[in-house]
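Asks: What follows is the file start-v8.cif, containing mmCIF, N, CA and C atoms:
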```cif
data_run
loop_
_atom_site.label_atom_id
_atom_site.label_comp_id
_atom_site.auth_asym_id
_atom_site.auth_seq_id
_atom_site.Cartn_x
_atom_site.Cartn_y
_atom_site.Cartn_z
N MET A 236 -9.43 -101.34 -26.40
CA MET A 236 -9.27 -100.01 -25.83
C MET A 236 -8.01 -99.36 -26.40
N VAL A 237 -8.17 -98.20 -27.02
CA VAL A 237 -7.05 -97.49 -27.62
C VAL A 237 -6.43 -96.59 -26.55
N MET A 238 -5.15 -96.73 -26.35
CA MET A 238 -4.46 -95.89 -25.36
C MET A 238 -4.15 -94.53 -25.97
N ASP A 239 -4.21 -93.50 -25.15
CA ASP A 239 -3.89 -92.16 -25.62
C ASP A 239 -2.39 -91.92 -25.54
N ILE A 240 -1.67 -92.50 -26.47
CA ILE A 240 -0.22 -92.33 -26.53
C ILE A 240 0.03 -90.99 -27.23
N PRO A 241 1.04 -90.23 -26.81
CA PRO A 241 1.32 -88.99 -27.53
C PRO A 241 1.52 -89.28 -29.01
N GLY A 242 0.96 -88.45 -29.86
CA GLY A 242 1.05 -88.69 -31.29
C GLY A 242 -0.15 -89.44 -31.83
N ASP A 243 -0.98 -89.95 -30.94
CA ASP A 243 -2.22 -90.60 -31.38
C ASP A 243 -3.37 -89.64 -31.17
N ARG A 244 -4.35 -89.72 -32.03
CA ARG A 244 -5.50 -88.84 -31.94
C ARG A 244 -6.76 -89.68 -32.05
N ARG A 245 -7.75 -89.38 -31.21
CA ARG A 245 -9.01 -90.13 -31.24
C ARG A 245 -10.09 -89.28 -31.88
N LEU A 246 -10.85 -89.92 -32.78
CA LEU A 246 -11.91 -89.22 -33.50
C LEU A 246 -13.19 -90.05 -33.47
N ALA A 247 -14.28 -89.41 -33.85
CA ALA A 247 -15.55 -90.12 -33.97
C ALA A 247 -16.28 -89.57 -35.20
N ALA A 248 -16.98 -90.47 -35.89
CA ALA A 248 -17.74 -90.09 -37.08
C ALA A 248 -19.20 -90.49 -36.93
N ALA A 249 -20.07 -89.66 -37.52
CA ALA A 249 -21.51 -89.92 -37.50
C ALA A 249 -21.99 -90.21 -38.92
N VAL A 250 -22.43 -91.45 -39.15
CA VAL A 250 -23.05 -91.79 -40.43
C VAL A 250 -24.55 -91.64 -40.20
N VAL A 251 -25.09 -90.53 -40.69
CA VAL A 251 -26.50 -90.22 -40.45
C VAL A 251 -27.34 -90.87 -41.54
N MET A 252 -28.28 -91.74 -41.13
CA MET A 252 -29.13 -92.43 -42.10
C MET A 252 -30.59 -92.17 -41.75
N ASP A 253 -31.34 -91.72 -42.75
CA ASP A 253 -32.75 -91.43 -42.52
C ASP A 253 -33.62 -92.66 -42.73
N ASP A 254 -34.93 -92.49 -42.57
CA ASP A 254 -35.87 -93.61 -42.69
C ASP A 254 -35.91 -94.23 -44.08
N GLN A 255 -35.45 -93.46 -45.09
CA GLN A 255 -35.43 -93.97 -46.47
C GLN A 255 -34.08 -94.59 -46.83
N GLN A 256 -33.25 -94.88 -45.81
CA GLN A 256 -31.93 -95.49 -46.02
C GLN A 256 -31.01 -94.60 -46.84
N ARG A 257 -31.18 -93.29 -46.69
CA ARG A 257 -30.27 -92.35 -47.35
C ARG A 257 -29.28 -91.84 -46.30
N VAL A 258 -28.04 -91.61 -46.74
CA VAL A 258 -26.98 -91.15 -45.85
C VAL A 258 -26.66 -89.69 -46.17
N LEU A 259 -26.39 -88.91 -45.11
CA LEU A 259 -26.02 -87.51 -45.29
C LEU A 259 -24.52 -87.38 -45.53
N LEU A 260 -24.16 -86.84 -46.69
CA LEU A 260 -22.76 -86.54 -46.98
C LEU A 260 -22.59 -85.03 -47.02
N VAL A 261 -21.45 -84.56 -46.52
CA VAL A 261 -21.16 -83.13 -46.46
C VAL A 261 -19.86 -82.88 -47.21
N ARG A 262 -19.85 -81.82 -48.04
CA ARG A 262 -18.61 -81.44 -48.73
C ARG A 262 -17.86 -80.43 -47.88
N ARG A 263 -16.59 -80.73 -47.63
CA ARG A 263 -15.76 -79.85 -46.82
C ARG A 263 -15.49 -78.53 -47.54
N SER A 264 -15.27 -77.49 -46.77
CA SER A 264 -14.96 -76.17 -47.32
C SER A 264 -13.61 -76.21 -48.04
N GLU A 265 -13.45 -75.36 -49.05
CA GLU A 265 -12.15 -75.29 -49.73
C GLU A 265 -11.10 -74.63 -48.83
N LYS A 266 -11.53 -74.02 -47.72
CA LYS A 266 -10.60 -73.39 -46.78
C LYS A 266 -9.94 -74.42 -45.85
N GLU A 267 -10.47 -75.64 -45.81
CA GLU A 267 -9.92 -76.68 -44.93
C GLU A 267 -8.49 -77.03 -45.37
N ARG A 268 -7.60 -77.18 -44.39
CA ARG A 268 -6.23 -77.62 -44.71
C ARG A 268 -6.23 -79.09 -45.08
N PHE A 269 -7.08 -79.88 -44.40
CA PHE A 269 -7.12 -81.33 -44.59
C PHE A 269 -8.30 -81.69 -45.49
N LEU A 270 -8.02 -82.29 -46.63
CA LEU A 270 -9.05 -82.75 -47.58
C LEU A 270 -10.08 -81.68 -47.95
N PRO A 271 -9.63 -80.53 -48.48
CA PRO A 271 -10.61 -79.52 -48.90
C PRO A 271 -11.51 -80.05 -50.02
N ARG A 272 -12.78 -79.67 -49.96
CA ARG A 272 -13.80 -79.97 -50.98
C ARG A 272 -14.12 -81.46 -51.13
N VAL A 273 -13.62 -82.30 -50.23
CA VAL A 273 -13.92 -83.73 -50.29
C VAL A 273 -15.26 -83.98 -49.58
N TRP A 274 -16.04 -84.89 -50.13
CA TRP A 274 -17.32 -85.29 -49.53
C TRP A 274 -17.08 -86.37 -48.49
N GLY A 275 -17.79 -86.30 -47.38
CA GLY A 275 -17.65 -87.33 -46.36
C GLY A 275 -18.72 -87.19 -45.30
N VAL A 276 -18.53 -87.93 -44.23
CA VAL A 276 -19.48 -87.92 -43.11
C VAL A 276 -18.96 -86.96 -42.03
N PRO A 277 -19.87 -86.39 -41.24
CA PRO A 277 -19.44 -85.53 -40.13
C PRO A 277 -18.51 -86.30 -39.19
N CYS A 278 -17.39 -85.69 -38.87
CA CYS A 278 -16.36 -86.38 -38.09
C CYS A 278 -15.43 -85.36 -37.47
N GLY A 279 -14.83 -85.73 -36.34
CA GLY A 279 -13.85 -84.84 -35.76
C GLY A 279 -13.19 -85.41 -34.52
N LYS A 280 -12.26 -84.64 -33.98
CA LYS A 280 -11.51 -85.06 -32.80
C LYS A 280 -12.38 -85.06 -31.56
N LEU A 281 -12.10 -86.01 -30.68
CA LEU A 281 -12.80 -86.06 -29.39
C LEU A 281 -12.20 -85.04 -28.44
N GLU A 282 -13.04 -84.45 -27.61
CA GLU A 282 -12.58 -83.57 -26.53
C GLU A 282 -12.01 -84.46 -25.42
N PRO A 283 -11.15 -83.91 -24.55
CA PRO A 283 -10.66 -84.72 -23.42
C PRO A 283 -11.84 -85.26 -22.59
N ASP A 284 -11.78 -86.53 -22.23
CA ASP A 284 -12.81 -87.19 -21.41
C ASP A 284 -14.18 -87.30 -22.08
N GLU A 285 -14.26 -87.05 -23.39
CA GLU A 285 -15.54 -87.17 -24.10
C GLU A 285 -15.67 -88.59 -24.64
N SER A 286 -16.86 -89.18 -24.50
CA SER A 286 -17.06 -90.52 -25.05
C SER A 286 -17.15 -90.41 -26.58
N PRO A 287 -16.77 -91.47 -27.30
CA PRO A 287 -16.88 -91.43 -28.76
C PRO A 287 -18.32 -91.16 -29.24
N GLU A 288 -19.31 -91.73 -28.55
CA GLU A 288 -20.71 -91.50 -28.93
C GLU A 288 -21.06 -90.02 -28.81
N ASP A 289 -20.70 -89.41 -27.67
CA ASP A 289 -20.97 -87.99 -27.48
C ASP A 289 -20.22 -87.13 -28.50
N GLY A 290 -18.99 -87.54 -28.79
CA GLY A 290 -18.19 -86.80 -29.77
C GLY A 290 -18.81 -86.83 -31.15
N ALA A 291 -19.31 -88.00 -31.55
CA ALA A 291 -19.95 -88.12 -32.87
C ALA A 291 -21.16 -87.21 -32.96
N LEU A 292 -21.96 -87.16 -31.89
CA LEU A 292 -23.17 -86.32 -31.90
C LEU A 292 -22.82 -84.83 -31.85
N ARG A 293 -21.75 -84.49 -31.11
CA ARG A 293 -21.31 -83.08 -31.05
C ARG A 293 -20.80 -82.63 -32.42
N GLU A 294 -19.97 -83.45 -33.06
CA GLU A 294 -19.46 -83.10 -34.38
C GLU A 294 -20.61 -82.97 -35.39
N LEU A 295 -21.59 -83.87 -35.29
CA LEU A 295 -22.75 -83.80 -36.17
C LEU A 295 -23.44 -82.44 -36.02
N LYS A 296 -23.66 -82.01 -34.77
CA LYS A 296 -24.32 -80.74 -34.51
C LYS A 296 -23.48 -79.57 -35.02
N GLU A 297 -22.16 -79.61 -34.75
CA GLU A 297 -21.27 -78.53 -35.19
C GLU A 297 -21.19 -78.43 -36.71
N GLU A 298 -21.17 -79.58 -37.39
CA GLU A 298 -20.93 -79.58 -38.83
C GLU A 298 -22.19 -79.51 -39.68
N THR A 299 -23.35 -79.84 -39.09
CA THR A 299 -24.59 -79.85 -39.90
C THR A 299 -25.77 -79.16 -39.22
N GLY A 300 -25.66 -78.87 -37.93
CA GLY A 300 -26.78 -78.31 -37.19
C GLY A 300 -27.80 -79.36 -36.76
N LEU A 301 -27.60 -80.61 -37.16
CA LEU A 301 -28.57 -81.67 -36.86
C LEU A 301 -28.37 -82.24 -35.45
N LEU A 302 -29.48 -82.61 -34.84
CA LEU A 302 -29.45 -83.40 -33.62
C LEU A 302 -29.59 -84.86 -34.02
N GLY A 303 -28.97 -85.74 -33.27
CA GLY A 303 -29.04 -87.15 -33.64
C GLY A 303 -29.02 -88.05 -32.43
N GLU A 304 -29.23 -89.32 -32.71
CA GLU A 304 -29.23 -90.35 -31.67
C GLU A 304 -28.40 -91.51 -32.20
N VAL A 305 -27.42 -91.95 -31.41
CA VAL A 305 -26.59 -93.07 -31.85
C VAL A 305 -27.42 -94.35 -31.84
N VAL A 306 -27.44 -95.05 -32.98
CA VAL A 306 -28.13 -96.34 -33.10
C VAL A 306 -27.18 -97.45 -32.65
N ARG A 307 -25.96 -97.46 -33.22
CA ARG A 307 -24.97 -98.45 -32.85
C ARG A 307 -23.62 -98.06 -33.45
N LYS A 308 -22.58 -98.65 -32.87
CA LYS A 308 -21.25 -98.49 -33.45
C LYS A 308 -21.17 -99.41 -34.66
N VAL A 309 -20.66 -98.90 -35.78
CA VAL A 309 -20.60 -99.72 -37.00
C VAL A 309 -19.19 -100.18 -37.34
N GLY A 310 -18.19 -99.56 -36.73
CA GLY A 310 -16.83 -99.99 -37.04
C GLY A 310 -15.80 -98.98 -36.60
N GLU A 311 -14.56 -99.28 -36.97
CA GLU A 311 -13.44 -98.41 -36.65
C GLU A 311 -12.61 -98.21 -37.90
N SER A 312 -11.93 -97.08 -37.95
CA SER A 312 -11.03 -96.77 -39.05
C SER A 312 -9.79 -96.12 -38.47
N SER A 313 -8.72 -96.12 -39.23
CA SER A 313 -7.54 -95.38 -38.79
C SER A 313 -6.82 -94.86 -40.02
N PHE A 314 -6.11 -93.77 -39.83
CA PHE A 314 -5.31 -93.20 -40.91
C PHE A 314 -4.18 -92.40 -40.28
N VAL A 315 -3.16 -92.15 -41.08
CA VAL A 315 -2.02 -91.36 -40.63
C VAL A 315 -2.12 -89.99 -41.27
N SER A 316 -1.94 -88.95 -40.47
CA SER A 316 -1.90 -87.60 -41.01
C SER A 316 -0.63 -86.92 -40.50
N VAL A 317 -0.28 -85.81 -41.12
CA VAL A 317 0.91 -85.08 -40.71
C VAL A 317 0.48 -83.76 -40.11
N TYR A 318 0.95 -83.49 -38.90
CA TYR A 318 0.61 -82.25 -38.21
C TYR A 318 1.92 -81.59 -37.76
N ARG A 319 2.20 -80.41 -38.28
CA ARG A 319 3.43 -79.67 -37.95
C ARG A 319 4.67 -80.55 -38.11
N GLY A 320 4.69 -81.31 -39.21
CA GLY A 320 5.86 -82.12 -39.52
C GLY A 320 5.94 -83.46 -38.82
N HIS A 321 4.95 -83.78 -37.98
CA HIS A 321 4.95 -85.05 -37.27
C HIS A 321 3.82 -85.94 -37.77
N GLU A 322 4.12 -87.22 -37.91
CA GLU A 322 3.07 -88.18 -38.29
C GLU A 322 2.21 -88.48 -37.08
N ILE A 323 0.91 -88.44 -37.27
CA ILE A 323 -0.03 -88.74 -36.20
C ILE A 323 -0.92 -89.88 -36.65
N LYS A 324 -1.08 -90.87 -35.77
CA LYS A 324 -1.98 -91.98 -36.05
C LYS A 324 -3.37 -91.57 -35.53
N ASN A 325 -4.35 -91.60 -36.40
CA ASN A 325 -5.71 -91.23 -36.04
C ASN A 325 -6.56 -92.48 -35.89
N TRP A 326 -7.18 -92.65 -34.73
CA TRP A 326 -8.06 -93.79 -34.45
C TRP A 326 -9.49 -93.27 -34.43
N GLN A 327 -10.33 -93.81 -35.27
CA GLN A 327 -11.68 -93.27 -35.41
C GLN A 327 -12.73 -94.35 -35.17
N GLU A 328 -13.73 -94.01 -34.35
CA GLU A 328 -14.87 -94.90 -34.14
C GLU A 328 -16.04 -94.33 -34.93
N ASN A 329 -16.73 -95.22 -35.65
CA ASN A 329 -17.80 -94.81 -36.55
C ASN A 329 -19.16 -95.29 -36.03
N PHE A 330 -20.13 -94.38 -36.04
CA PHE A 330 -21.45 -94.68 -35.49
C PHE A 330 -22.55 -94.42 -36.50
N LEU A 331 -23.52 -95.33 -36.52
CA LEU A 331 -24.75 -95.10 -37.26
C LEU A 331 -25.63 -94.21 -36.39
N VAL A 332 -26.10 -93.11 -36.98
CA VAL A 332 -26.87 -92.12 -36.22
C VAL A 332 -28.20 -91.87 -36.92
N ARG A 333 -29.26 -91.83 -36.11
CA ARG A 333 -30.59 -91.50 -36.62
C ARG A 333 -30.80 -90.00 -36.39
N PRO A 334 -31.20 -89.26 -37.45
CA PRO A 334 -31.40 -87.82 -37.26
C PRO A 334 -32.67 -87.54 -36.44
N LEU A 335 -32.57 -86.59 -35.51
CA LEU A 335 -33.73 -86.19 -34.70
C LEU A 335 -34.24 -84.82 -35.11
N SER A 336 -33.56 -84.18 -36.04
CA SER A 336 -34.02 -82.91 -36.59
C SER A 336 -33.80 -82.96 -38.10
N GLU A 337 -34.33 -81.98 -38.82
CA GLU A 337 -34.35 -82.09 -40.29
C GLU A 337 -33.52 -81.08 -41.05
N SER A 338 -33.43 -79.84 -40.57
CA SER A 338 -32.78 -78.84 -41.41
C SER A 338 -31.27 -78.80 -41.19
N VAL A 339 -30.57 -79.03 -42.30
CA VAL A 339 -29.11 -79.03 -42.29
C VAL A 339 -28.62 -77.60 -42.44
N VAL A 340 -27.76 -77.17 -41.49
CA VAL A 340 -27.16 -75.84 -41.54
C VAL A 340 -25.65 -76.02 -41.54
N LEU A 341 -25.00 -75.61 -42.63
CA LEU A 341 -23.56 -75.79 -42.78
C LEU A 341 -22.81 -74.54 -42.32
N PRO A 342 -21.65 -74.73 -41.65
CA PRO A 342 -20.91 -73.59 -41.11
C PRO A 342 -20.32 -72.65 -42.18
N GLU A 343 -19.94 -73.19 -43.34
CA GLU A 343 -19.29 -72.36 -44.37
C GLU A 343 -20.16 -72.28 -45.62
N PRO A 344 -20.22 -71.09 -46.25
CA PRO A 344 -21.09 -70.93 -47.44
C PRO A 344 -20.66 -71.78 -48.64
N ASP A 345 -19.38 -72.18 -48.72
CA ASP A 345 -18.94 -72.98 -49.88
C ASP A 345 -19.10 -74.48 -49.65
N GLN A 346 -19.73 -74.86 -48.55
CA GLN A 346 -19.97 -76.29 -48.31
C GLN A 346 -21.29 -76.71 -48.98
N ASP A 347 -21.50 -78.01 -49.05
CA ASP A 347 -22.73 -78.55 -49.60
C ASP A 347 -23.07 -79.81 -48.82
N ALA A 348 -24.33 -80.20 -48.87
CA ALA A 348 -24.76 -81.42 -48.21
C ALA A 348 -25.81 -82.10 -49.07
N ARG A 349 -25.77 -83.43 -49.11
CA ARG A 349 -26.76 -84.20 -49.88
C ARG A 349 -27.11 -85.48 -49.16
N TRP A 350 -28.40 -85.84 -49.26
CA TRP A 350 -28.85 -87.16 -48.79
C TRP A 350 -28.79 -88.09 -49.99
N LEU A 351 -28.01 -89.18 -49.86
CA LEU A 351 -27.82 -90.09 -50.98
C LEU A 351 -28.10 -91.53 -50.56
N GLY A 352 -28.76 -92.26 -51.45
CA GLY A 352 -29.00 -93.69 -51.24
C GLY A 352 -27.72 -94.47 -51.51
N ARG A 353 -27.74 -95.72 -51.13
CA ARG A 353 -26.54 -96.57 -51.26
C ARG A 353 -25.98 -96.58 -52.68
N SER A 354 -26.86 -96.64 -53.67
CA SER A 354 -26.40 -96.71 -55.07
C SER A 354 -25.98 -95.34 -55.62
N GLU A 355 -26.24 -94.27 -54.87
CA GLU A 355 -25.94 -92.92 -55.37
C GLU A 355 -24.65 -92.33 -54.78
N LEU A 356 -24.01 -93.04 -53.87
CA LEU A 356 -22.88 -92.48 -53.12
C LEU A 356 -21.76 -91.97 -54.00
N THR A 357 -21.49 -92.68 -55.11
CA THR A 357 -20.36 -92.29 -55.95
C THR A 357 -20.72 -91.16 -56.93
N ARG A 358 -21.92 -90.59 -56.80
CA ARG A 358 -22.27 -89.43 -57.64
C ARG A 358 -21.55 -88.17 -57.18
N VAL A 359 -20.97 -88.21 -55.98
CA VAL A 359 -20.19 -87.08 -55.49
C VAL A 359 -18.75 -87.54 -55.33
N GLU A 360 -17.82 -86.60 -55.17
CA GLU A 360 -16.41 -86.95 -55.03
C GLU A 360 -16.09 -87.36 -53.60
N ILE A 361 -16.51 -88.57 -53.26
CA ILE A 361 -16.24 -89.12 -51.93
C ILE A 361 -14.96 -89.95 -52.03
N ASP A 362 -14.10 -89.82 -51.03
CA ASP A 362 -12.85 -90.59 -51.06
C ASP A 362 -13.11 -92.00 -50.53
N ALA A 363 -12.15 -92.89 -50.78
CA ALA A 363 -12.30 -94.29 -50.42
C ALA A 363 -12.47 -94.47 -48.91
N TYR A 364 -11.80 -93.64 -48.13
CA TYR A 364 -11.86 -93.74 -46.67
C TYR A 364 -13.29 -93.50 -46.17
N ASN A 365 -13.91 -92.40 -46.64
CA ASN A 365 -15.28 -92.10 -46.24
C ASN A 365 -16.27 -93.10 -46.81
N LEU A 366 -16.03 -93.56 -48.03
CA LEU A 366 -16.91 -94.54 -48.64
C LEU A 366 -16.92 -95.83 -47.81
N ASP A 367 -15.76 -96.22 -47.29
CA ASP A 367 -15.68 -97.40 -46.45
C ASP A 367 -16.49 -97.22 -45.16
N ILE A 368 -16.41 -96.03 -44.56
CA ILE A 368 -17.16 -95.74 -43.34
C ILE A 368 -18.66 -95.88 -43.60
N VAL A 369 -19.12 -95.31 -44.71
CA VAL A 369 -20.55 -95.39 -45.06
C VAL A 369 -20.96 -96.84 -45.30
N ARG A 370 -20.10 -97.59 -45.98
CA ARG A 370 -20.42 -99.01 -46.24
C ARG A 370 -20.52 -99.79 -44.94
N GLN A 371 -19.70 -99.43 -43.93
CA GLN A 371 -19.79 -100.09 -42.62
C GLN A 371 -21.22 -99.93 -42.07
N ALA A 372 -21.80 -98.76 -42.25
CA ALA A 372 -23.13 -98.49 -41.70
C ALA A 372 -24.21 -99.29 -42.41
N PHE A 373 -23.99 -99.60 -43.69
CA PHE A 373 -24.98 -100.38 -44.43
C PHE A 373 -24.87 -101.88 -44.14
N THR A 374 -23.79 -102.28 -43.48
CA THR A 374 -23.59 -103.68 -43.14
C THR A 374 -24.25 -103.97 -41.79
N GLU A 375 -25.19 -104.87 -41.78
CA GLU A 375 -25.85 -105.22 -40.51
C GLU A 375 -24.90 -106.00 -39.63
N SER A 376 -24.89 -105.67 -38.35
CA SER A 376 -23.99 -106.40 -37.45
C SER A 376 -24.72 -107.57 -36.82
#
```
Just give me the structure as C-alpha coordinates.
Replies:
Amino acid sequence: MVMDIPGDRRLAAAVVMDDQQRVLLVRRSEKERFLPRVWGVPCGKLEPDESPEDGALRELKEETGLLGEVVRKVGESSFVSVYRGHEIKNWQENFLVRPLSESVVLPEPDQDARWLGRSELTRVEIDAYNLDIVRQAFTES
(Lines of atoms letter the chains of each structure in order from A and count residues from 1; the text may use other names and numbers.)
(Lines give C-alpha, C1' and ligand atoms only; values in the text may rest on other atoms or scores of the structure.)
Protein backbone atom coordinates (compact mmCIF):
# COMPACT_ATOMS: atom_id res chain seq x y z
CA MET A 1 0.00 0.00 0.00
CA VAL A 2 1.49 3.32 -1.11
CA MET A 3 0.91 6.13 1.36
CA ASP A 4 -0.15 9.51 0.04
CA ILE A 5 2.79 11.47 1.41
CA PRO A 6 3.00 15.08 0.21
CA GLY A 7 5.20 15.13 -2.86
CA ASP A 8 4.06 11.70 -3.97
CA ARG A 9 1.66 11.26 -6.83
CA ARG A 10 -0.42 8.20 -7.71
CA LEU A 11 -1.09 7.26 -11.32
CA ALA A 12 -2.64 4.45 -13.30
CA ALA A 13 -1.94 3.19 -16.82
CA ALA A 14 -4.06 1.16 -19.24
CA VAL A 15 -2.27 -1.28 -21.54
CA VAL A 16 -5.05 -1.96 -24.03
CA MET A 17 -4.64 -5.29 -25.83
CA ASP A 18 -7.02 -6.55 -28.49
CA ASP A 19 -7.90 -10.13 -29.46
CA GLN A 20 -4.97 -10.20 -31.91
CA GLN A 21 -2.47 -9.44 -29.10
CA ARG A 22 -1.88 -5.93 -30.40
CA VAL A 23 -1.36 -3.04 -27.97
CA LEU A 24 -2.69 0.49 -28.43
CA LEU A 25 0.04 3.14 -28.30
CA VAL A 26 -0.76 6.85 -28.37
CA ARG A 27 1.60 9.68 -29.34
CA ARG A 28 1.42 12.63 -26.97
CA SER A 29 0.69 16.10 -28.33
CA GLU A 30 3.65 18.41 -28.96
CA LYS A 31 1.85 20.88 -26.65
CA GLU A 32 2.42 18.59 -23.62
CA ARG A 33 4.95 19.93 -21.11
CA PHE A 34 5.89 16.38 -20.06
CA LEU A 35 7.29 14.09 -22.79
CA PRO A 36 5.84 15.83 -25.87
CA ARG A 37 5.45 13.61 -28.98
CA VAL A 38 6.50 10.47 -27.07
CA TRP A 39 4.56 7.25 -27.74
CA GLY A 40 3.11 5.42 -24.78
CA VAL A 41 0.07 3.92 -23.10
CA PRO A 42 -2.89 5.93 -21.78
CA CYS A 43 -1.98 7.01 -18.26
CA GLY A 44 -2.64 9.73 -15.75
CA LYS A 45 -3.07 10.92 -12.18
CA LEU A 46 -5.71 9.39 -9.96
CA GLU A 47 -8.52 11.58 -8.65
CA PRO A 48 -8.93 11.76 -4.85
CA ASP A 49 -10.54 8.52 -3.56
CA GLU A 50 -10.44 6.95 -7.05
CA SER A 51 -9.33 3.33 -7.30
CA PRO A 52 -6.37 2.65 -9.62
CA GLU A 53 -8.59 0.40 -11.79
CA ASP A 54 -11.20 3.15 -12.20
CA GLY A 55 -8.46 5.69 -12.86
CA ALA A 56 -6.93 3.57 -15.62
CA LEU A 57 -10.33 3.22 -17.34
CA ARG A 58 -11.11 6.94 -16.95
CA GLU A 59 -7.75 7.95 -18.43
CA LEU A 60 -8.29 5.49 -21.28
CA LYS A 61 -11.66 7.11 -22.07
CA GLU A 62 -10.26 10.66 -21.78
CA GLU A 63 -7.19 9.96 -23.90
CA THR A 64 -8.62 7.64 -26.58
CA GLY A 65 -12.43 7.67 -26.33
CA LEU A 66 -12.33 3.90 -25.76
CA LEU A 67 -14.29 2.00 -23.14
CA GLY A 68 -12.43 -0.84 -21.50
CA GLU A 69 -12.51 -3.55 -18.90
CA VAL A 70 -9.61 -4.28 -16.54
CA VAL A 71 -8.35 -7.84 -17.05
CA ARG A 72 -5.67 -7.77 -14.34
CA LYS A 73 -2.96 -5.68 -12.77
CA VAL A 74 0.31 -6.35 -14.59
CA GLY A 75 2.78 -4.41 -12.48
CA GLU A 76 3.94 -1.18 -10.96
CA SER A 77 6.33 1.53 -12.09
CA SER A 78 7.72 4.66 -10.54
CA PHE A 79 9.57 7.71 -11.76
CA VAL A 80 10.64 11.10 -10.48
CA SER A 81 9.38 14.26 -12.15
CA VAL A 82 9.85 17.93 -11.37
CA TYR A 83 6.81 20.11 -10.75
CA ARG A 84 7.28 23.83 -10.03
CA GLY A 85 10.85 23.20 -8.95
CA HIS A 86 10.04 20.30 -6.63
CA GLU A 87 10.88 16.65 -7.20
CA ILE A 88 7.82 14.44 -7.10
CA LYS A 89 7.89 10.66 -6.80
CA ASN A 90 5.26 9.14 -9.09
CA TRP A 91 3.84 5.71 -8.19
CA GLN A 92 2.03 4.06 -11.07
CA GLU A 93 -0.09 0.91 -11.22
CA ASN A 94 -0.34 -0.72 -14.64
CA PHE A 95 -3.34 -2.69 -15.86
CA LEU A 96 -4.02 -4.94 -18.82
CA VAL A 97 -7.28 -3.70 -20.33
CA ARG A 98 -9.57 -5.31 -22.89
CA PRO A 99 -11.21 -2.77 -25.22
CA LEU A 100 -15.03 -2.74 -25.20
CA SER A 101 -15.34 -0.23 -28.03
CA GLU A 102 -13.43 0.21 -31.28
CA SER A 103 -13.10 3.77 -32.53
CA VAL A 104 -10.16 5.70 -31.13
CA VAL A 105 -10.81 9.44 -30.75
CA LEU A 106 -7.79 11.53 -29.74
CA PRO A 107 -8.19 14.87 -27.91
CA GLU A 108 -5.56 16.78 -29.94
CA PRO A 109 -5.22 16.89 -33.76
CA ASP A 110 -1.42 16.42 -33.63
CA GLN A 111 -1.70 13.13 -31.74
CA ASP A 112 -1.58 9.68 -33.33
CA ALA A 113 -2.54 6.18 -32.27
CA ARG A 114 -1.49 2.75 -33.54
CA TRP A 115 -2.25 -0.87 -32.72
CA LEU A 116 1.08 -2.71 -32.66
CA GLY A 117 2.05 -6.33 -32.10
CA ARG A 118 4.79 -7.29 -29.68
CA SER A 119 7.47 -7.35 -32.39
CA GLU A 120 6.35 -3.99 -33.83
CA LEU A 121 6.55 -1.86 -30.67
CA THR A 122 9.91 -0.28 -31.49
CA ARG A 123 8.64 0.95 -34.89
CA VAL A 124 7.50 4.09 -33.07
CA GLU A 125 9.48 6.37 -30.73
CA ILE A 126 8.44 4.70 -27.49
CA ASP A 127 10.57 5.45 -24.43
CA ALA A 128 12.05 2.73 -22.23
CA TYR A 129 9.59 3.47 -19.40
CA ASN A 130 6.51 2.87 -21.56
CA LEU A 131 8.13 -0.09 -23.29
CA ASP A 132 8.65 -1.71 -19.89
CA ILE A 133 4.97 -1.17 -19.01
CA VAL A 134 3.87 -2.83 -22.26
CA ARG A 135 6.27 -5.74 -21.68
CA GLN A 136 4.70 -6.24 -18.22
CA ALA A 137 1.36 -6.82 -19.95
CA PHE A 138 2.83 -9.46 -22.26
CA THR A 139 4.23 -11.36 -19.27
CA GLU A 140 1.73 -13.89 -17.94
CA SER A 141 1.35 -13.77 -14.19
Asks: A:Leu281, A:Leu301, A:Val273, A:Val250: which is nearest Val340 (chain A), counting only C-alpha atoms?
Replies: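 Of the candidates, the smallest distance to Val340 (chain A) is held by A:Leu301.
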Asks: Show me, as a ChimeraX atom specification, the residues that have an atom within 6 Å of Leu260 (chain A) when counting all atoms listed in the file, minus same-chain residues fewer than 6 positions from it.
Replies: /A:274-276,347-351
Asks: Please save N, CA and C atoms of the selected residues as a tab-separated table (two decimals), in the frame of the given file.
Replies:
```
chain	number	residue	atom	x	y	z
A	274	TRP	N	-16.04	-84.89	-50.13
A	274	TRP	CA	-17.32	-85.29	-49.53
A	274	TRP	C	-17.08	-86.37	-48.49
A	275	GLY	N	-17.79	-86.30	-47.38
A	275	GLY	CA	-17.65	-87.33	-46.36
A	275	GLY	C	-18.72	-87.19	-45.30
A	276	VAL	N	-18.53	-87.93	-44.23
A	276	VAL	CA	-19.48	-87.92	-43.11
A	276	VAL	C	-18.96	-86.96	-42.03
A	347	ASP	N	-21.50	-78.01	-49.05
A	347	ASP	CA	-22.73	-78.55	-49.60
A	347	ASP	C	-23.07	-79.81	-48.82
A	348	ALA	N	-24.33	-80.20	-48.87
A	348	ALA	CA	-24.76	-81.42	-48.21
A	348	ALA	C	-25.81	-82.10	-49.07
A	349	ARG	N	-25.77	-83.43	-49.11
A	349	ARG	CA	-26.76	-84.20	-49.88
A	349	ARG	C	-27.11	-85.48	-49.16
A	350	TRP	N	-28.40	-85.84	-49.26
A	350	TRP	CA	-28.85	-87.16	-48.79
A	350	TRP	C	-28.79	-88.09	-49.99
A	351	LEU	N	-28.01	-89.18	-49.86
A	351	LEU	CA	-27.82	-90.09	-50.98
A	351	LEU	C	-28.10	-91.53	-50.56
```
Asks: The PyMOL selection byres (((chain A and resi 321-325 and name CA) around 8) and name CA) - which residues does that actually catch in the file I just gave you? List them as a list in words.
Replies: Gly242, Asp243, Arg244, Arg245, Leu246, Ser313, Phe314, Val315, Ser316, Val317, Tyr318, Arg319, Gly320, Trp326 and Gln327 of chain A
Asks: Let's see if you can do this: from backbone DSSP, list all alpha helix (DSSP H) residues in region 298-370 of chain A, as a ChimeraX atom specification.
Replies: /A:298-299,363-370
Asks: Show me, as a JSON list (two decimals) with N, CA and C atoms, keeping the file's coordinate frame, the residues that have an atom within 6 Å of Gln346 (chain A) when counting all atoms listed in the file, minus same-chain residues fewer than 4 positions from it.
Replies:
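Listing of around.json after writing:
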```json
[["chain", "number", "residue", "atom", "x", "y", "z"],
["A", 262, "ARG", "N", -19.85, -81.82, -48.04],
["A", 262, "ARG", "CA", -18.61, -81.44, -48.73],
["A", 262, "ARG", "C", -17.86, -80.43, -47.88],
["A", 263, "ARG", "N", -16.59, -80.73, -47.63],
["A", 263, "ARG", "CA", -15.76, -79.85, -46.82],
["A", 263, "ARG", "C", -15.49, -78.53, -47.54],
["A", 264, "SER", "N", -15.27, -77.49, -46.77],
["A", 264, "SER", "CA", -14.96, -76.17, -47.32],
["A", 264, "SER", "C", -13.61, -76.21, -48.04]]
```
Asks: Taking into account only N, CA and C atoms, which residue in the set A:Gly352, A:Asp284, A:Pro342, A:Ile368 is nearest to Ser312 (chain A)?
Replies: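 For Ser312 (chain A), the nearest of the given residues is A:Ile368.
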Asks: Quick one: which residues end up in the PyMOL selection byres ((chain A and resi 290-293) around 6.5) for this structure, as an MDAnalysis selection string?
Replies: chainID A and resid 247:249 280:282 285:289 294:298 303
Asks: For the point (-28.2, -92.0, -51.2) in file coordinates, what residues are within 8 Å, counting only C-alpha atoms? Give the answer as a PyMOL selection string?
Replies: chain A and resi 256-259+350-356
